[in-house]
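Participant: Could you have a look at this structure, given as structure tokens, before my questions?
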Amino acid sequence: MAPSAIETVTQPIDQLTGDERARQLRKTVGDRPLDQFTYGPHPISGAQVDPVKQVRIPTFSNPLDERAFRKLHAAACIRWLGLNGYNNEGAGGHVTVRDPIKPDHFWINPFCKSFKYIKPEDLCLVNEEGIVQPEGNMHAINPAGFSIHAAVHQARPDVIAAVHCHSLPTKAFSALGCKLEPINQDACRFYNDHAVYDDFGGIVLAHEEGRRIAEAIGNKKAVILQNHGILTVAKSVDAATYLFGAMDRCIEAQLMADAAAGARGTETIKIGHEEAEYTRRVYTDEMEYNMFQSQFEDVVRESRGELSMLSGGERNGYDAFPRAW
């Protein structure tokens, strides 16, 4: 998927082995550019001669097809969040994805509707003023969700999607006022790439509060909202959802590790700076999208025909999937 709001580039890593990719990354200075979508799947396992199938993010020639794709994947992501218990706090969760035709509009889940049964046609299209548009579901949206997500989308043109839900680990961890530590490989994904917003101002109904949250996240992929929870952003809704689930589990693991270390009178062992940064830089934007595709398949299969693997118009990227189940 070539996000229409940003430039696209191709990294020639499709045929690199793991060793070659590691050597390339260790010579690379800097992180992924915000204004470009970085392509490249996971490295192949060896010097492959015969072609193998790889899951790739599709591209589109028609923006209507890309809109349908983003809505389908947003609906699947919302269902996955619901199935994993992230919609158990009333109406406190919200997922947004930027519209490829009207980049100053975004799609959002309807207020007070179950995550577990969302379909693409249930999503609401809203503009920067919070006005629900007739191209989508004419249903009320979460005003706090709008205030946060609108500010983030306005401040970060590279952000295609944002995810925020309330979970038990993140509510507990956000009360500590600290960042996630690199105590395991998965946590390195967020090393020096998340922020803490330490100015809790109550339920985010005021737009100014949303702007302060957007300012706190800066150019990073996630923010811990003190006394509240977490918010993740990415260049696809699949990636933003994957990052939300991954960060939530990393936070749960850190709480458990800290408790165990405290009981033993020791400290957790941290991964070194160079290794943590290298691990974080392994991931392209496409790889973060890919990391959610097994969950996407789970949701589609369990939807009993309500969702499909394809939205129509995809080019490239889906060779690894059959055209029908």
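Quick note on naming: the chains in the structure tokens go A, B, ... in the order shown, residues restart at 1 in each chain, and ligands are numbered from 1 in order of appearance.
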Per residue of region 118-162 of chain A within 9 Å of region 32-37 of chain A, what are the shortest atom pair and its distance in Å to one decimal, counting only C-alpha atoms, with rows by chain and residue number, as a tab-separated table?
Facilitator:
residue	atom	partner	partner_atom	distance
A:Arg156	CA	A:Leu34	CA	8.8
A:Pro157	CA	A:Asp35	CA	7.9
A:Asp158	CA	A:Asp35	CA	5.8
A:Val159	CA	A:Leu34	CA	8.6
Participant: Would you save the residues of that selection, restricted to N, CA and C atoms, as a tab-separated table (two decimals), in the first residue's frame?
Facilitator:
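Ended up saving to again22.tsv:
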chain	number	residue	atom	x	y	z
A	156	ARG	N	1.21	14.98	12.26
A	156	ARG	CA	2.07	13.98	11.62
A	156	ARG	C	1.47	13.52	10.29
A	157	PRO	N	1.78	14.20	9.17
A	157	PRO	CA	1.25	13.77	7.88
A	157	PRO	C	1.64	12.35	7.50
A	158	ASP	N	2.73	11.84	8.11
A	158	ASP	CA	3.17	10.48	7.81
A	158	ASP	C	2.30	9.43	8.47
A	159	VAL	N	1.56	9.81	9.51
A	159	VAL	CA	0.75	8.84	10.26
A	159	VAL	C	-0.51	8.49	9.47
Participant: Could you pull the residues within 9 Å of region 212-223 of chain A, counting only C-alpha atoms, minus those fewer than 4 positions along the same chain, as a short mmCIF file (atom, residue, chain, number, x, y, z; two decimals) with all heavy atoms, in the first residue's frame?
Facilitator:
data_model
loop_
_atom_site.label_atom_id
_atom_site.label_comp_id
_atom_site.auth_asym_id
_atom_site.auth_seq_id
_atom_site.Cartn_x
_atom_site.Cartn_y
_atom_site.Cartn_z
N LEU A 34 10.50 9.72 8.11
CA LEU A 34 9.07 9.86 8.37
C LEU A 34 8.29 10.11 7.08
O LEU A 34 7.12 9.70 6.97
CB LEU A 34 8.81 11.00 9.35
CG LEU A 34 9.25 10.78 10.80
CD1 LEU A 34 8.92 12.01 11.64
CD2 LEU A 34 8.61 9.54 11.39
N ILE A 148 -7.90 13.45 20.36
CA ILE A 148 -6.53 12.92 20.35
C ILE A 148 -6.08 12.62 18.93
O ILE A 148 -5.03 13.07 18.47
CB ILE A 148 -6.44 11.65 21.21
CG1 ILE A 148 -6.75 11.96 22.68
CG2 ILE A 148 -5.05 11.02 21.09
CD1 ILE A 148 -6.85 10.73 23.56
N HIS A 149 -6.89 11.84 18.21
CA HIS A 149 -6.45 11.36 16.91
C HIS A 149 -6.38 12.47 15.87
O HIS A 149 -5.47 12.48 15.03
CB HIS A 149 -7.38 10.24 16.43
CG HIS A 149 -7.23 8.97 17.21
ND1 HIS A 149 -6.79 7.79 16.65
CD2 HIS A 149 -7.46 8.69 18.51
CE1 HIS A 149 -6.75 6.84 17.57
NE2 HIS A 149 -7.17 7.38 18.71
N ALA A 151 -5.59 15.57 16.35
CA ALA A 151 -4.36 16.33 16.60
C ALA A 151 -3.14 15.57 16.10
O ALA A 151 -2.22 16.16 15.52
CB ALA A 151 -4.23 16.64 18.09
N VAL A 152 -3.12 14.26 16.31
CA VAL A 152 -1.98 13.45 15.86
C VAL A 152 -1.92 13.43 14.34
O VAL A 152 -0.85 13.61 13.73
CB VAL A 152 -2.06 12.03 16.43
CG1 VAL A 152 -1.01 11.12 15.79
CG2 VAL A 152 -1.88 12.05 17.95
N HIS A 153 -3.05 13.21 13.68
CA HIS A 153 -3.06 13.17 12.22
C HIS A 153 -2.67 14.52 11.62
O HIS A 153 -2.00 14.57 10.58
CB HIS A 153 -4.44 12.75 11.72
CG HIS A 153 -4.71 11.27 11.81
ND1 HIS A 153 -4.08 10.35 11.01
CD2 HIS A 153 -5.55 10.56 12.61
CE1 HIS A 153 -4.52 9.13 11.31
NE2 HIS A 153 -5.41 9.23 12.28
N GLN A 154 -3.08 15.60 12.25
CA GLN A 154 -2.71 16.93 11.75
C GLN A 154 -1.23 17.20 11.94
O GLN A 154 -0.56 17.75 11.06
CB GLN A 154 -3.54 18.00 12.46
CG GLN A 154 -5.00 18.03 12.05
CD GLN A 154 -5.81 19.01 12.88
OE1 GLN A 154 -5.26 19.88 13.54
NE2 GLN A 154 -7.13 18.87 12.84
N ALA A 155 -0.68 16.81 13.09
CA ALA A 155 0.72 17.09 13.39
C ALA A 155 1.67 16.17 12.62
O ALA A 155 2.82 16.55 12.36
CB ALA A 155 0.97 16.94 14.88
N ARG A 156 1.21 14.98 12.26
CA ARG A 156 2.07 13.98 11.62
C ARG A 156 1.47 13.52 10.29
O ARG A 156 0.71 12.55 10.25
CB ARG A 156 2.25 12.78 12.55
CG ARG A 156 3.06 13.04 13.82
CD ARG A 156 4.54 12.90 13.56
NE ARG A 156 4.88 11.57 13.09
CZ ARG A 156 5.12 10.53 13.90
NH1 ARG A 156 5.06 10.67 15.21
NH2 ARG A 156 5.43 9.34 13.39
N PHE A 190 10.69 -0.58 20.57
CA PHE A 190 10.27 0.74 21.03
C PHE A 190 11.43 1.53 21.66
O PHE A 190 11.22 2.60 22.20
CB PHE A 190 9.13 0.60 22.04
CG PHE A 190 7.94 -0.15 21.50
CD1 PHE A 190 7.80 -1.52 21.73
CD2 PHE A 190 7.00 0.50 20.72
CE1 PHE A 190 6.73 -2.21 21.22
CE2 PHE A 190 5.91 -0.19 20.20
CZ PHE A 190 5.78 -1.54 20.45
N ASN A 192 14.08 4.04 22.39
CA ASN A 192 14.26 5.42 21.93
C ASN A 192 13.25 5.81 20.86
O ASN A 192 13.52 6.71 20.04
CB ASN A 192 15.68 5.63 21.40
CG ASN A 192 16.70 5.75 22.52
OD1 ASN A 192 16.34 5.95 23.68
ND2 ASN A 192 17.97 5.62 22.18
N ASP A 193 12.11 5.15 20.83
CA ASP A 193 11.10 5.43 19.82
C ASP A 193 9.71 5.53 20.44
O ASP A 193 8.71 5.22 19.79
CB ASP A 193 11.12 4.36 18.72
CG ASP A 193 10.61 4.89 17.39
OD1 ASP A 193 10.38 6.11 17.28
OD2 ASP A 193 10.43 4.07 16.45
N HIS A 194 9.65 5.92 21.71
CA HIS A 194 8.37 6.23 22.35
C HIS A 194 8.60 7.34 23.38
O HIS A 194 9.73 7.60 23.77
CB HIS A 194 7.72 5.00 22.97
CG HIS A 194 8.43 4.46 24.17
ND1 HIS A 194 9.64 3.80 24.11
CD2 HIS A 194 8.10 4.48 25.50
CE1 HIS A 194 10.01 3.42 25.32
NE2 HIS A 194 9.10 3.84 26.19
N ALA A 195 7.52 8.00 23.73
CA ALA A 195 7.60 9.15 24.63
C ALA A 195 6.65 8.95 25.80
O ALA A 195 5.83 8.02 25.81
CB ALA A 195 7.24 10.43 23.87
N VAL A 196 6.74 9.84 26.78
CA VAL A 196 5.82 9.86 27.91
C VAL A 196 5.13 11.23 27.94
O VAL A 196 5.81 12.27 27.91
CB VAL A 196 6.54 9.62 29.25
CG1 VAL A 196 5.56 9.78 30.42
CG2 VAL A 196 7.17 8.23 29.27
N TYR A 197 3.82 11.23 27.95
CA TYR A 197 3.06 12.46 28.13
C TYR A 197 2.66 12.54 29.60
O TYR A 197 1.87 11.73 30.09
CB TYR A 197 1.81 12.44 27.24
CG TYR A 197 0.90 13.63 27.44
CD1 TYR A 197 1.30 14.91 27.08
CD2 TYR A 197 -0.37 13.47 28.00
CE1 TYR A 197 0.47 16.01 27.27
CE2 TYR A 197 -1.20 14.57 28.18
CZ TYR A 197 -0.77 15.83 27.82
OH TYR A 197 -1.60 16.92 28.01
N ASP A 198 3.24 13.49 30.31
CA ASP A 198 3.12 13.51 31.77
C ASP A 198 2.21 14.60 32.30
O ASP A 198 2.34 15.03 33.44
CB ASP A 198 4.51 13.63 32.41
CG ASP A 198 5.23 14.92 31.99
OD1 ASP A 198 4.64 15.72 31.25
OD2 ASP A 198 6.39 15.09 32.41
N ASP A 199 1.26 15.02 31.48
CA ASP A 199 0.39 16.13 31.89
C ASP A 199 -1.08 15.72 31.78
O ASP A 199 -1.84 16.28 30.98
CB ASP A 199 0.68 17.36 31.04
CG ASP A 199 -0.05 18.61 31.55
OD1 ASP A 199 -0.45 18.62 32.73
OD2 ASP A 199 -0.23 19.55 30.76
N HIS A 207 -9.64 20.17 22.64
CA HIS A 207 -8.71 19.98 21.53
C HIS A 207 -7.29 20.34 21.94
O HIS A 207 -6.34 19.78 21.40
CB HIS A 207 -9.16 20.81 20.33
CG HIS A 207 -10.44 20.33 19.72
ND1 HIS A 207 -10.98 20.86 18.58
CD2 HIS A 207 -11.29 19.33 20.10
CE1 HIS A 207 -12.11 20.24 18.28
NE2 HIS A 207 -12.31 19.30 19.19
N GLU A 208 -7.12 21.26 22.86
CA GLU A 208 -5.79 21.66 23.29
C GLU A 208 -5.06 20.50 23.96
O GLU A 208 -3.84 20.32 23.77
CB GLU A 208 -5.86 22.84 24.26
CG GLU A 208 -4.52 23.35 24.75
CD GLU A 208 -3.60 23.75 23.61
OE1 GLU A 208 -4.08 24.26 22.58
OE2 GLU A 208 -2.38 23.53 23.75
N GLY A 229 -2.85 5.41 29.60
CA GLY A 229 -2.62 4.22 28.78
C GLY A 229 -1.59 4.52 27.71
O GLY A 229 -0.69 5.32 27.91
N ILE A 230 -1.72 3.89 26.54
CA ILE A 230 -0.76 4.10 25.47
C ILE A 230 -1.48 4.41 24.16
O ILE A 230 -2.65 4.09 23.97
CB ILE A 230 0.16 2.88 25.26
CG1 ILE A 230 -0.64 1.64 24.83
CG2 ILE A 230 0.99 2.61 26.50
CD1 ILE A 230 0.23 0.45 24.42
N LEU A 231 -0.74 5.04 23.23
CA LEU A 231 -1.21 5.33 21.88
C LEU A 231 -0.08 4.95 20.93
O LEU A 231 1.09 5.30 21.17
CB LEU A 231 -1.54 6.81 21.73
CG LEU A 231 -1.88 7.30 20.32
CD1 LEU A 231 -3.34 6.98 20.00
CD2 LEU A 231 -1.65 8.81 20.19
N THR A 232 -0.40 4.22 19.86
CA THR A 232 0.60 3.86 18.86
C THR A 232 0.18 4.40 17.50
O THR A 232 -1.01 4.51 17.20
CB THR A 232 0.79 2.33 18.77
OG1 THR A 232 -0.48 1.71 18.49
CG2 THR A 232 1.36 1.77 20.05
N VAL A 233 1.19 4.72 16.67
CA VAL A 233 0.92 5.25 15.33
C VAL A 233 1.81 4.53 14.33
O VAL A 233 2.88 4.02 14.68
CB VAL A 233 1.18 6.77 15.26
CG1 VAL A 233 0.28 7.52 16.23
CG2 VAL A 233 2.65 7.11 15.52
N ALA A 234 1.38 4.50 13.07
CA ALA A 234 2.17 3.83 12.03
C ALA A 234 1.67 4.26 10.66
O ALA A 234 0.69 5.01 10.53
CB ALA A 234 2.10 2.31 12.18
N ALA A 240 -0.03 -0.18 13.12
CA ALA A 240 -0.39 0.53 14.35
C ALA A 240 -1.03 -0.43 15.35
O ALA A 240 -0.79 -0.34 16.55
CB ALA A 240 -1.32 1.70 14.04
N LEU A 243 1.66 -2.82 16.70
CA LEU A 243 2.51 -2.13 17.68
C LEU A 243 1.77 -1.94 19.00
O LEU A 243 2.38 -2.04 20.07
CB LEU A 243 2.95 -0.77 17.12
CG LEU A 243 3.97 -0.82 15.98
CD1 LEU A 243 4.17 0.57 15.39
CD2 LEU A 243 5.31 -1.41 16.45
N PHE A 244 0.47 -1.67 18.95
CA PHE A 244 -0.29 -1.52 20.19
C PHE A 244 -0.26 -2.82 20.99
O PHE A 244 0.05 -2.81 22.19
CB PHE A 244 -1.74 -1.11 19.90
CG PHE A 244 -2.55 -0.96 21.15
CD1 PHE A 244 -2.59 0.25 21.83
CD2 PHE A 244 -3.24 -2.04 21.69
CE1 PHE A 244 -3.31 0.38 23.01
CE2 PHE A 244 -3.95 -1.92 22.87
CZ PHE A 244 -3.99 -0.70 23.53
N MET A 247 3.33 -3.52 22.29
CA MET A 247 3.74 -2.65 23.41
C MET A 247 3.00 -3.02 24.68
O MET A 247 3.58 -3.03 25.78
CB MET A 247 3.51 -1.20 23.05
CG MET A 247 4.16 -0.23 24.04
SD MET A 247 4.04 1.48 23.49
CE MET A 247 5.23 2.25 24.61
#
Participant: Could you tell me which of A:Thr59, A:Asn316, A:Ser147, A:Asn227 comes closest to His94 (chain A) if we count only C-alpha atoms?
Facilitator: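 That would be A:Ser147, the residue with the smallest distance to His94 (chain A).
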Participant: So which residues touch Lys116 (chain A) within 12 Å, counting only C-alpha atoms, skipping near sequence neighbours fewer than 4 positions away, as a PyMOL selection string?
Facilitator: chain A and resi 75-88+109+112+122+299-300+302-303+306
Participant: Those residues you just picked out, can you put them in a file as a PDB file, in the first residue's frame with C-alpha atoms?
Facilitator:
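Final output, out_24.pdb:
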ATOM      1  CA  ALA A  75     -12.403  -3.286  10.563  1.00  0.00           C
ATOM      2  CA  ALA A  76     -10.273  -6.422  10.987  1.00  0.00           C
ATOM      3  CA  CYS A  77      -7.897  -4.614  13.336  1.00  0.00           C
ATOM      4  CA  ILE A  78     -10.775  -3.364  15.472  1.00  0.00           C
ATOM      5  CA  ARG A  79     -12.220  -6.882  15.632  1.00  0.00           C
ATOM      6  CA  TRP A  80      -8.839  -8.261  16.701  1.00  0.00           C
ATOM      7  CA  LEU A  81      -8.627  -5.697  19.496  1.00  0.00           C
ATOM      8  CA  GLY A  82     -12.109  -6.657  20.658  1.00  0.00           C
ATOM      9  CA  LEU A  83     -11.373 -10.369  20.515  1.00  0.00           C
ATOM     10  CA  ASN A  84      -8.297  -9.766  22.676  1.00  0.00           C
ATOM     11  CA  GLY A  85     -10.195  -7.928  25.381  1.00  0.00           C
ATOM     12  CA  TYR A  86      -9.263  -4.359  24.506  1.00  0.00           C
ATOM     13  CA  ASN A  87     -12.890  -3.247  24.241  1.00  0.00           C
ATOM     14  CA  ASN A  88     -13.809  -4.171  27.826  1.00  0.00           C
ATOM     15  CA  ASN A 109     -15.003   3.279  14.824  1.00  0.00           C
ATOM     16  CA  CYS A 112     -20.454   2.668  21.877  1.00  0.00           C
ATOM     17  CA  ASP A 122     -19.708   0.608  10.103  1.00  0.00           C
ATOM     18  CA  VAL A 299     -10.009 -12.474  12.015  1.00  0.00           C
ATOM     19  CA  VAL A 300     -11.135 -13.011   8.423  1.00  0.00           C
ATOM     20  CA  GLU A 302     -13.424 -16.319  12.120  1.00  0.00           C
ATOM     21  CA  SER A 303     -15.768 -13.698  10.616  1.00  0.00           C
ATOM     22  CA  GLU A 306     -18.468 -11.027   6.919  1.00  0.00           C
TER      23      GLU A 306
END
Participant: Kindly indicate which residue among A:Leu180, A:Ile57, A:Met138, A:Met309 lies nearest to Ala246 (chain A), using only C-alpha atoms for the distances.
Facilitator: A:Leu180
Participant: Region 190-268 of chain A: which residues are alpha helix (DSSP H) by DSSP, as a VMD selection string?
Facilitator: chain A and resid 207 to 217 237 to 264
